[in-house]
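Worksheet: one structure, shown below.
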Amino acid sequence: MTDKRSGVQRLIVPVGLVLPLIAFILVTFVIPLGSMVIQSVHDPEVAEVLPNTLNLLSEWDGTSVPSEEVFESMAQELVLSRESRTTGKVATRVNRIASGTRSVFGKTARRLERIETTELRSAMIDIDDRWKDVELWIAIREAGREYTVKHYLHAVDLERELDGGIHPVSEDQRIYNTLYLRTLFVSLAVTFFCFLIGYPIAYAIANVSDSMAKILLLIVLIPFWTSLLVRTTSWLVLLQNQGVVNDILVWLGLVNDSDRLALIHNMTGTLVAMTHVLLPFMILPLYAVMRAIPTDYMKAAASLGANPAQSFVRVYFPQSLPGISAGCLLVFILSLGYYITPALVGGTKGQLISNMIAYHIQSSLNWGLAAAISVILLTGVFICYFIFDKWVGVDKLRLS
Amino acid sequence: MDNFGWKVVRGVFVAVVVLGLCFLVLPLLVIVPLSFNAEPYFTFTEGMLRLDGEAYSLRWYRSILENPEWSKAIGNSFIIGVFATLVATVLGTLAALGLNNPRLPFRQAISALLISPMVTPVIIVAVGVFFFYSSMGLAQTHLGLILAHAMLGAPFVVITVTATLAGFDQTLMRAATSLGAGPLTAFTRIQLPLISPGVLTGALFAFIASFDEVVVVLFLGGVDQRTIPRQMWSGIREEISPTILAIATLLIVFAILLLLAVELLQRRNKLSAETSVK
């Protein structure tokens with residue numbers, strides 16, 4: 001009976017089953033990521049507030065003070081922006097390009113309301129003589145571009161000079177490239193530590209008796225299931241100046257009471273806590289692979305005269321490689337985007353690029369920049385998956 | 001190397017494993033006694049080390065009960081967690097059933113898409129969610145967080161149910177059909193009961209994913225959507241008090257209960273897989 005059904009009908013059931021979740025993921029995940037990409041290049045705020053002025057500025061030569069017509073339009077639109085309370089948005093954005101110009105806009109808009117004159121150019125220059133700076137007008141024109149790569153330039157410590165060339169920002173303002181490198185370094189270090197601690201544990205779980213393996217696995221799974229905040233809190237408690245670790249070191253006489261070690265709010269704190277948090281993600285894929293390695297090969301190697309070290313290095317280790325790469329990929333990628341733990345135990349020296357994303361979302365409200373950094377990070381993650389897929393195959397990624 | 005040498009190597013290996021396991025679990029165990037500290041310190045007082053009863057107290061547990069912020073946070077965590085789990089479990093189970101069907105076209109691509117929220121760094125997901133959900137008016141609403149958490153939890157359901165279905169004997173379905181059951185009856189009477197341990201495991205994973213999640217809550221949630229981890233976050237950042245340790249201890253107990261539930265379900269799952277093979 002089923003054989004007579006047409007191909008299309010046979011597709012309806014499986015497609016109908018997956019469709020609701022596909023639609024859900026599209027709306028709740030894919031479109032949001034898309035809106036993030038748009039946010040990183042699209043900045044219409046200034047263009048919406050000063051449409052006419054920007055239109056006029058597009059024909060301006062960029063070397064002399066703009067004409068009366070431009071000033072007139074700017075005056076009109078500034079007064080309007082005061083009514084719609086958007087002056088601040090314009091000021092913030094222009095200020096990001098030409099710093100120190102924030103006050104010009106609010107002040108001028110406020111005073112213009114009370115001025116009755118047709119000579120707006122001289123009137124505005126009277127209010128604030130920065131209006132005759134060509135740089136300010138260039139900055140306004142730049143800020144008015146609806147589509148822009150400025151957030152990406154900013155996110156890699158570059159800036160577009162007013163003459164149009166792209167240069168690195170001055171040395172004291174460089175922050176992001178250091179943070180990418182630090183994030184990369186921390187992720188590699190955490191991955192390495194997790195491997196160093198995780199490999200013997202996974203090996204032990206895979207090679208002890210069943211009942212013992214269950215107990216060991218439980219020890220690995222309890223932290224895995226425990227809230228991230230709880231695990232971070234425990235490291236705060238353990239590592240702080242008056243904390244348990246320092247107390248023990250003092251009690252053992254290894255450290256003087258007066259110079260307790262600074263273990264938290266620095267890179268040490270970030271590395272220790274992140275290694276702890278991510279260790280199960282190394283152990284579980286390793287164990288999944290090791291459990292499937294038949295013991296016969298090791299026995300064969302031994303019977304052929306290999307000593308335990310030789311048979312481990314030549315026979316066992318190569319077979320565990322898929323587990324190693326899966327565990328390392330998981331830990332590495334999770335580290336790249338880690339936010340909570342470095343934010344709580346990292347201090348300023350242990351902050352990662354994700355902390356900068358959160359800062360621009362929550363405090364500086366420079367959402368375009370936050371989006372640009374996120375897109376850069378996401379690209380990095382994609383590249384990792386791509387390499388992993390070519391090298392090992394993503395389908396090898398398993399947790400249990 | 002002689003026999004003695006290998007024994008030393010073995011001893012070192014065992015020591016490394018034991019140290020590694022201690023590193024994993026001791027930090028959590030230290031929290032538990034400290035949460036009963038009678039003093040507002042984060043280290044063991046002399047009285048505690050002497051096992052003096054006076055040095056221990058339940059004051060930090062009482063302070064959880066007395067603080068309305070914590071009870072609200074607990075309520076929010078469960079409301080958001082339960083609804084997100086429901087959405088994730090229903091959609092995820094249906095999708096896993098579809099993915100299990102060999103006639104589904106583009107299976108690999110679809111499964112990659114459905115899993116992707118799990119393998120994208122949460123900070124990036126949170127940024128996207130923040131922009132889009134805010135523009136939809138979902139910022140500072142429970143609904144926004146429920147949708148976001150359901151999205152983060154659904155991949156866990158898809159993975160566990162797909163794994164369970166791989167062990168499901170499809171001949172049982174044919175047997176049911178041959179005995180006159182319609183597809184729906186065969187599903188609800190035969191397949192669903194047999195895969196239910198896998199579905200429940202997936203649901204628990206989805207629940208814990210929501211229950212633990214804090215980055216999206218930080219970006220998208222308002223004062224009224226504070227969950228337990230969100231409340232802990234501000235507790236740690238603003239005025240760290242041992243109340244945090246009491247909450248942490250309760251969460252450890254809760255995690256162990258969930259873990260045991262999953263273990264139990266997996267045992268049932270194995271059992272039902274074996275019976276279905278027989």
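Here, A, B, ... name the chains of the structure tokens in the order displayed, residue numbers run from 1 inside each chain, and ligands are numbered from 1 in the same displayed order.
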
12 Å contact set for Glu46 in chain B, only C-alpha atoms, chain neighbours under 6 positions out, as JSON, numbers by chain: {"A": [247], "B": [37, 38, 39, 52, 53, 54, 55, 56]}

Need to verify the contact set: range 166-173 of chain B, 12 Å, only C-alpha atoms, exclusion of same-chain residues closer than 2 positions in sequence. Can you return it as an NGL selection string? :B and (96-97 or 99-102 or 159-164 or 175-198 or 269-278)

Find the spatial neighbours of range 373-386 of chain A, counting only C-alpha atoms, within a cut-off of 9 Å - ignore same-chain residues fewer than 4 positions away - and output them as a tab-separated table (two decimals) with all heavy atoms, in the first residue's frame.
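Written out: out-v7.tsv:
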```tsv
chain	number	residue	atom	x	y	z
A	33	LEU	N	21.13	36.43	14.35
A	33	LEU	CA	22.54	36.55	13.95
A	33	LEU	C	22.65	37.45	12.71
A	33	LEU	O	23.58	38.25	12.60
A	33	LEU	CB	23.15	35.19	13.66
A	33	LEU	CG	23.49	34.31	14.87
A	33	LEU	CD1	24.30	33.11	14.43
A	33	LEU	CD2	24.25	35.09	15.93
A	36	MET	N	22.48	40.91	13.66
A	36	MET	CA	23.76	41.32	14.25
A	36	MET	C	24.73	41.76	13.15
A	36	MET	O	25.41	42.79	13.29
A	36	MET	CB	24.34	40.16	15.04
A	36	MET	CG	25.69	40.41	15.65
A	36	MET	SD	26.24	38.94	16.55
A	36	MET	CE	27.06	38.07	15.22
A	37	VAL	N	24.77	40.99	12.05
A	37	VAL	CA	25.66	41.36	10.94
A	37	VAL	C	25.24	42.71	10.37
A	37	VAL	O	26.07	43.58	10.12
A	37	VAL	CB	25.63	40.26	9.86
A	37	VAL	CG1	26.46	40.70	8.66
A	37	VAL	CG2	26.14	38.94	10.41
A	40	SER	N	26.25	45.58	12.41
A	40	SER	CA	27.68	45.89	12.39
A	40	SER	C	28.07	46.79	11.22
A	40	SER	O	29.12	47.41	11.25
A	40	SER	CB	28.50	44.60	12.36
A	40	SER	OG	28.39	43.99	11.09
A	151	HIS	N	32.96	50.33	12.06
A	151	HIS	CA	32.99	49.49	13.27
A	151	HIS	C	34.04	48.40	13.14
A	151	HIS	O	34.68	48.04	14.12
A	151	HIS	CB	31.61	48.87	13.50
A	151	HIS	CG	30.56	49.88	13.80
A	151	HIS	ND1	30.70	50.84	14.75
A	151	HIS	CD2	29.34	50.09	13.24
A	151	HIS	CE1	29.62	51.60	14.79
A	151	HIS	NE2	28.78	51.17	13.87
A	152	TYR	N	34.18	47.88	11.91
A	152	TYR	CA	35.20	46.84	11.72
A	152	TYR	C	36.60	47.42	11.84
A	152	TYR	O	37.48	46.78	12.42
A	152	TYR	CB	35.01	46.15	10.36
A	152	TYR	CG	33.84	45.21	10.38
A	152	TYR	CD1	32.58	45.63	9.96
A	152	TYR	CD2	33.98	43.92	10.87
A	152	TYR	CE1	31.49	44.79	10.02
A	152	TYR	CE2	32.90	43.06	10.93
A	152	TYR	CZ	31.66	43.50	10.50
A	152	TYR	OH	30.59	42.67	10.58
A	155	ALA	N	37.20	47.87	15.39
A	155	ALA	CA	37.35	46.60	16.09
A	155	ALA	C	38.72	45.96	15.87
A	155	ALA	O	39.06	45.00	16.54
A	155	ALA	CB	36.25	45.62	15.64
A	156	VAL	N	39.49	46.48	14.90
A	156	VAL	CA	40.85	45.96	14.75
A	156	VAL	C	41.87	47.10	14.92
A	156	VAL	O	42.97	47.05	14.37
A	156	VAL	CB	41.07	45.25	13.39
A	156	VAL	CG1	40.30	43.96	13.34
A	156	VAL	CG2	40.66	46.15	12.23
A	176	TYR	N	41.91	46.37	21.04
A	176	TYR	CA	41.25	45.15	20.56
A	176	TYR	C	42.22	44.09	20.10
A	176	TYR	O	42.07	42.92	20.44
A	176	TYR	CB	40.24	45.51	19.48
A	176	TYR	CG	39.19	46.44	20.02
A	176	TYR	CD1	39.18	47.78	19.70
A	176	TYR	CD2	38.25	45.97	20.93
A	176	TYR	CE1	38.26	48.64	20.25
A	176	TYR	CE2	37.32	46.82	21.48
A	176	TYR	CZ	37.32	48.15	21.14
A	176	TYR	OH	36.41	48.99	21.70
A	180	TYR	N	42.30	40.20	21.16
A	180	TYR	CA	42.17	39.00	20.32
A	180	TYR	C	43.32	38.04	20.60
A	180	TYR	O	43.13	36.85	20.77
A	180	TYR	CB	42.17	39.35	18.82
A	180	TYR	CG	41.01	40.18	18.37
A	180	TYR	CD1	41.20	41.44	17.85
A	180	TYR	CD2	39.71	39.69	18.46
A	180	TYR	CE1	40.13	42.22	17.43
A	180	TYR	CE2	38.64	40.45	18.05
A	180	TYR	CZ	38.85	41.72	17.54
A	180	TYR	OH	37.79	42.48	17.15
A	329	LEU	N	38.86	20.80	20.14
A	329	LEU	CA	38.03	21.74	19.39
A	329	LEU	C	36.93	22.32	20.30
A	329	LEU	O	36.73	23.54	20.35
A	329	LEU	CB	37.37	21.06	18.19
A	329	LEU	CG	36.41	21.97	17.43
A	329	LEU	CD1	37.15	22.80	16.42
A	329	LEU	CD2	35.30	21.20	16.75
A	332	PHE	N	38.45	24.62	22.93
A	332	PHE	CA	39.01	25.82	22.32
A	332	PHE	C	37.90	26.78	21.90
A	332	PHE	O	37.96	27.98	22.20
A	332	PHE	CB	39.86	25.43	21.11
A	332	PHE	CG	40.54	26.59	20.45
A	332	PHE	CD1	41.61	27.22	21.05
A	332	PHE	CD2	40.09	27.07	19.23
A	332	PHE	CE1	42.23	28.30	20.46
A	332	PHE	CE2	40.70	28.15	18.63
A	332	PHE	CZ	41.77	28.77	19.24
A	333	ILE	N	36.87	26.26	21.23
A	333	ILE	CA	35.80	27.13	20.75
A	333	ILE	C	35.00	27.72	21.91
A	333	ILE	O	34.66	28.90	21.91
A	333	ILE	CB	34.90	26.37	19.77
A	333	ILE	CG1	35.64	26.24	18.45
A	333	ILE	CG2	33.57	27.07	19.58
A	333	ILE	CD1	34.89	25.51	17.40
A	336	LEU	N	37.00	30.56	23.36
A	336	LEU	CA	37.03	31.77	22.54
A	336	LEU	C	35.90	32.72	22.94
A	336	LEU	O	36.06	33.93	22.95
A	336	LEU	CB	36.89	31.43	21.06
A	336	LEU	CG	38.12	30.91	20.33
A	336	LEU	CD1	37.78	30.67	18.87
A	336	LEU	CD2	39.28	31.89	20.44
A	337	GLY	N	34.73	32.16	23.24
A	337	GLY	CA	33.58	33.02	23.53
A	337	GLY	C	33.25	33.09	25.01
A	337	GLY	O	32.15	33.45	25.37
A	353	ILE	N	38.11	39.05	24.84
A	353	ILE	CA	37.41	39.87	23.85
A	353	ILE	C	35.90	39.88	24.13
A	353	ILE	O	35.22	40.88	23.90
A	353	ILE	CB	37.72	39.40	22.41
A	353	ILE	CG1	37.29	40.44	21.39
A	353	ILE	CG2	37.12	38.04	22.09
A	353	ILE	CD1	38.10	41.71	21.43
A	354	SER	N	35.38	38.76	24.69
A	354	SER	CA	33.95	38.71	24.99
A	354	SER	C	33.55	39.78	26.01
A	354	SER	O	32.44	40.30	25.97
A	354	SER	CB	33.58	37.33	25.52
A	354	SER	OG	34.43	37.01	26.58
A	356	MET	N	34.70	42.71	26.14
A	356	MET	CA	34.57	43.95	25.37
A	356	MET	C	33.20	44.00	24.68
A	356	MET	O	32.56	45.05	24.62
A	356	MET	CB	35.67	43.97	24.31
A	356	MET	CG	36.61	45.13	24.34
A	356	MET	SD	36.99	45.83	25.91
A	356	MET	CE	36.54	47.50	25.60
A	357	ILE	N	32.76	42.85	24.17
A	357	ILE	CA	31.44	42.79	23.54
A	357	ILE	C	30.37	43.18	24.56
A	357	ILE	O	29.53	44.05	24.30
A	357	ILE	CB	31.15	41.38	22.98
A	357	ILE	CG1	32.17	41.03	21.89
A	357	ILE	CG2	29.72	41.29	22.44
A	357	ILE	CD1	32.01	39.62	21.34
A	368	GLY	N	26.98	48.92	17.33
A	368	GLY	CA	27.60	48.57	16.06
A	368	GLY	C	28.96	47.94	16.27
A	368	GLY	O	29.31	46.94	15.64
A	369	LEU	N	29.74	48.51	17.19
A	369	LEU	CA	31.06	47.97	17.48
A	369	LEU	C	30.95	46.59	18.11
A	369	LEU	O	31.68	45.65	17.74
A	369	LEU	CB	31.82	48.94	18.39
A	369	LEU	CG	33.24	48.56	18.77
A	369	LEU	CD1	34.07	48.29	17.52
A	369	LEU	CD2	33.89	49.66	19.59
A	390	LYS	N	37.45	19.46	7.85
A	390	LYS	CA	38.34	18.95	6.80
A	390	LYS	C	39.27	17.89	7.37
A	390	LYS	O	39.64	16.92	6.71
A	390	LYS	CB	39.19	20.09	6.23
A	390	LYS	CG	38.44	21.02	5.32
A	390	LYS	CD	38.35	20.46	3.90
A	390	LYS	CE	37.16	21.09	3.22
A	390	LYS	NZ	36.19	20.32	2.62
A	391	TRP	N	39.67	18.10	8.61
A	391	TRP	CA	40.74	17.31	9.22
A	391	TRP	C	40.18	16.04	9.84
A	391	TRP	O	40.71	14.95	9.65
A	391	TRP	CB	41.42	18.21	10.25
A	391	TRP	CG	42.70	17.67	10.79
A	391	TRP	CD1	43.60	16.87	10.15
A	391	TRP	CD2	43.22	17.89	12.09
A	391	TRP	NE1	44.65	16.61	10.97
A	391	TRP	CE2	44.45	17.22	12.17
A	391	TRP	CE3	42.78	18.61	13.21
A	391	TRP	CZ2	45.23	17.24	13.32
A	391	TRP	CZ3	43.57	18.62	14.33
A	391	TRP	CH2	44.77	17.95	14.39
A	394	VAL	N	33.11	16.77	11.36
A	394	VAL	CA	32.32	17.28	12.48
A	394	VAL	C	31.46	16.18	13.10
A	394	VAL	O	31.16	16.19	14.29
A	394	VAL	CB	31.45	18.48	12.01
A	394	VAL	CG1	30.39	18.82	13.03
A	394	VAL	CG2	32.32	19.70	11.77
B	120	THR	N	27.56	27.54	18.89
B	120	THR	CA	27.96	28.94	18.70
B	120	THR	C	28.23	29.53	20.09
B	120	THR	O	27.42	29.32	20.99
B	120	THR	CB	26.82	29.73	18.03
B	120	THR	OG1	26.38	29.00	16.90
B	120	THR	CG2	27.29	31.11	17.61
B	121	PRO	N	29.35	30.24	20.25
B	121	PRO	CA	29.61	30.83	21.57
B	121	PRO	C	28.42	31.67	22.05
B	121	PRO	O	27.85	32.45	21.29
B	121	PRO	CB	30.83	31.71	21.32
B	121	PRO	CG	31.54	31.06	20.19
B	121	PRO	CD	30.47	30.46	19.32
B	123	ILE	N	28.06	34.15	23.90
B	123	ILE	CA	28.13	35.62	23.88
B	123	ILE	C	27.64	36.14	22.52
B	123	ILE	O	26.95	37.15	22.45
B	123	ILE	CB	29.56	36.11	24.20
B	123	ILE	CG1	29.64	37.62	24.29
B	123	ILE	CG2	30.58	35.64	23.18
B	123	ILE	CD1	29.47	38.16	25.65
B	124	ILE	N	27.97	35.40	21.45
B	124	ILE	CA	27.56	35.84	20.11
B	124	ILE	C	26.05	35.66	19.94
B	124	ILE	O	25.35	36.55	19.45
B	124	ILE	CB	28.33	35.05	19.03
B	124	ILE	CG1	29.83	35.34	19.18
B	124	ILE	CG2	27.85	35.40	17.64
B	124	ILE	CD1	30.70	34.52	18.27
B	127	VAL	N	24.31	38.44	21.71
B	127	VAL	CA	24.34	39.73	21.01
B	127	VAL	C	23.25	39.77	19.94
B	127	VAL	O	22.45	40.71	19.88
B	127	VAL	CB	25.73	39.99	20.37
B	127	VAL	CG1	25.68	41.19	19.44
B	127	VAL	CG2	26.78	40.21	21.45
B	128	GLY	N	23.18	38.70	19.13
B	128	GLY	CA	22.15	38.63	18.09
B	128	GLY	C	20.75	38.70	18.68
B	128	GLY	O	19.90	39.46	18.23
```

Where does DSSP see strand (DSSP E) in range 62-180 of chain A, if you list the residues as a list in words? Leu158, Glu159, Arg160, Ile166, His167 and Pro168 of chain A

Dump as a CSV table (one decimal), in the first residue's frame, selection limited to all heavy atoms:
```
chain,number,residue,atom,x,y,z
A,158,LEU,N,42.0,50.2,13.9
A,158,LEU,CA,42.3,51.0,12.8
A,158,LEU,C,41.3,52.2,12.8
A,158,LEU,O,40.3,52.1,13.4
A,158,LEU,CB,42.2,50.3,11.4
A,158,LEU,CG,43.2,49.1,11.2
A,158,LEU,CD1,42.8,48.4,9.9
A,158,LEU,CD2,44.6,49.6,11.1
A,159,GLU,N,41.7,53.3,12.1
A,159,GLU,CA,40.7,54.3,11.9
A,159,GLU,C,40.9,55.0,10.5
A,159,GLU,O,42.0,54.9,10.0
A,159,GLU,CB,40.9,55.4,13.0
A,159,GLU,CG,42.2,56.1,13.0
A,159,GLU,CD,42.3,57.1,14.2
A,159,GLU,OE1,41.3,57.3,14.9
A,159,GLU,OE2,43.4,57.7,14.3
A,160,ARG,N,39.8,55.5,10.0
A,160,ARG,CA,39.9,56.2,8.8
A,160,ARG,C,40.2,57.7,9.1
A,160,ARG,O,39.5,58.3,9.9
A,160,ARG,CB,38.6,56.1,8.0
A,160,ARG,CG,38.7,56.6,6.6
A,160,ARG,CD,37.4,56.8,6.0
A,160,ARG,NE,36.6,55.5,5.9
A,160,ARG,CZ,36.7,54.7,4.8
A,160,ARG,NH1,37.4,55.0,3.8
A,160,ARG,NH2,36.0,53.6,4.8
A,166,ILE,N,43.5,54.9,5.7
A,166,ILE,CA,43.3,54.1,6.9
A,166,ILE,C,44.6,53.9,7.6
A,166,ILE,O,45.6,53.4,7.0
A,166,ILE,CB,42.7,52.8,6.5
A,166,ILE,CG1,41.3,53.0,5.9
A,166,ILE,CG2,42.6,51.8,7.6
A,166,ILE,CD1,40.6,51.8,5.3
A,167,HIS,N,44.6,54.2,8.9
A,167,HIS,CA,45.9,54.0,9.7
A,167,HIS,C,45.5,53.4,11.0
A,167,HIS,O,44.4,53.4,11.5
A,167,HIS,CB,46.4,55.4,10.0
A,167,HIS,CG,46.7,56.3,8.8
A,167,HIS,ND1,47.7,56.0,7.9
A,167,HIS,CD2,46.0,57.3,8.3
A,167,HIS,CE1,47.6,56.9,7.0
A,167,HIS,NE2,46.6,57.7,7.2
A,168,PRO,N,46.6,52.8,11.7
A,168,PRO,CA,46.3,52.3,13.0
A,168,PRO,C,46.1,53.5,14.0
A,168,PRO,O,46.6,54.6,13.7
A,168,PRO,CB,47.7,51.6,13.4
A,168,PRO,CG,48.4,51.5,12.1
A,168,PRO,CD,47.9,52.5,11.2
```

What are the closest atom pairs, with distances in Å to one decimal, for each residue of chain B lying within 6 Å of chain A, using only C-alpha atoms, rows by chain and rising residue number, as CSV?
```
residue,atom,partner,partner_atom,distance
B:Val17,CA,A:Ile201,CA,5.2
B:Gly20,CA,A:Ile197,CA,5.7
B:Pro27,CA,A:Ser234,CA,5.7
B:Phe42,CA,A:Val237,CA,5.8
B:Thr43,CA,A:Gly243,CA,5.5
B:Leu91,CA,A:Leu21,CA,5.3
B:Leu94,CA,A:Leu17,CA,5.1
B:Ala95,CA,A:Val18,CA,4.0
B:Gly98,CA,A:Pro14,CA,4.2
B:Leu104,CA,A:Pro14,CA,5.6
B:Pro121,CA,A:Gly337,CA,4.9
B:Ile124,CA,A:Ser374,CA,5.7
B:Gly128,CA,A:Pro32,CA,4.5
B:Val129,CA,A:Pro32,CA,5.3
B:Phe132,CA,A:Pro32,CA,5.0
B:Asp212,CA,A:Ser227,CA,5.3
B:Ala248,CA,A:Val230,CA,5.2
B:Ile252,CA,A:Thr226,CA,5.7
B:Ala255,CA,A:Thr226,CA,5.2
```

Looking at B:Met48, B:Gln108, B:Phe13, B:Thr93, which one is nearest to Val157 in chain B, with distances taken over only C-alpha atoms?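 Closest residue, counting only C-alpha atoms: B:Thr93.
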
Give me the residues near Ala206 in chain A as JSON, numbers by chain, where near means some atom within 10 Å (using only C-alpha atoms) and where sequence neighbours in that chain fewer than 6 positions away do not count. {"A": [200, 212, 213, 216, 217, 286, 287, 288, 289, 290, 291, 292, 293]}

Serialized selection, N, CA, C and O atoms, as a tab-separated table (two decimals), in the first residue's frame:
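Listed below is the output, selection_19.tsv:
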```tsv
chain	number	residue	atom	x	y	z
A	200	PRO	N	44.72	11.74	31.06
A	200	PRO	CA	44.90	10.63	32.01
A	200	PRO	C	43.58	10.21	32.65
A	200	PRO	O	43.33	9.02	32.84
A	212	MET	N	33.96	0.90	38.95
A	212	MET	CA	34.87	2.01	39.24
A	212	MET	C	34.68	3.12	38.20
A	212	MET	O	34.64	4.30	38.55
A	213	ALA	N	34.51	2.73	36.94
A	213	ALA	CA	34.33	3.71	35.87
A	213	ALA	C	33.08	4.56	36.14
A	213	ALA	O	33.08	5.77	35.92
A	216	LEU	N	33.97	7.16	38.78
A	216	LEU	CA	34.84	8.22	38.22
A	216	LEU	C	34.04	9.13	37.28
A	216	LEU	O	34.19	10.36	37.31
A	217	LEU	N	33.18	8.51	36.49
A	217	LEU	CA	32.38	9.30	35.54
A	217	LEU	C	31.47	10.26	36.30
A	217	LEU	O	31.25	11.40	35.89
A	286	LEU	N	36.87	12.50	24.84
A	286	LEU	CA	38.02	11.59	24.90
A	286	LEU	C	37.58	10.20	25.36
A	286	LEU	O	37.94	9.18	24.76
A	287	TYR	N	36.77	10.19	26.43
A	287	TYR	CA	36.29	8.93	26.97
A	287	TYR	C	35.44	8.19	25.95
A	287	TYR	O	35.57	6.96	25.79
A	288	ALA	N	34.59	8.95	25.23
A	288	ALA	CA	33.72	8.30	24.23
A	288	ALA	C	34.55	7.56	23.19
A	288	ALA	O	34.18	6.46	22.76
A	289	VAL	N	35.68	8.13	22.80
A	289	VAL	CA	36.54	7.48	21.80
A	289	VAL	C	37.34	6.34	22.43
A	289	VAL	O	37.43	5.24	21.89
A	290	MET	N	37.89	6.59	23.61
A	290	MET	CA	38.76	5.59	24.25
A	290	MET	C	38.00	4.32	24.62
A	290	MET	O	38.54	3.22	24.55
A	291	ARG	N	36.71	4.50	24.99
A	291	ARG	CA	35.91	3.35	25.38
A	291	ARG	C	35.81	2.36	24.22
A	291	ARG	O	35.69	1.16	24.42
A	292	ALA	N	35.86	2.91	23.00
A	292	ALA	CA	35.68	2.05	21.82
A	292	ALA	C	36.99	1.45	21.32
A	292	ALA	O	36.98	0.66	20.39
A	293	ILE	N	38.13	1.82	21.94
A	293	ILE	CA	39.41	1.26	21.48
A	293	ILE	C	39.54	-0.16	22.03
A	293	ILE	O	39.53	-0.36	23.24
```
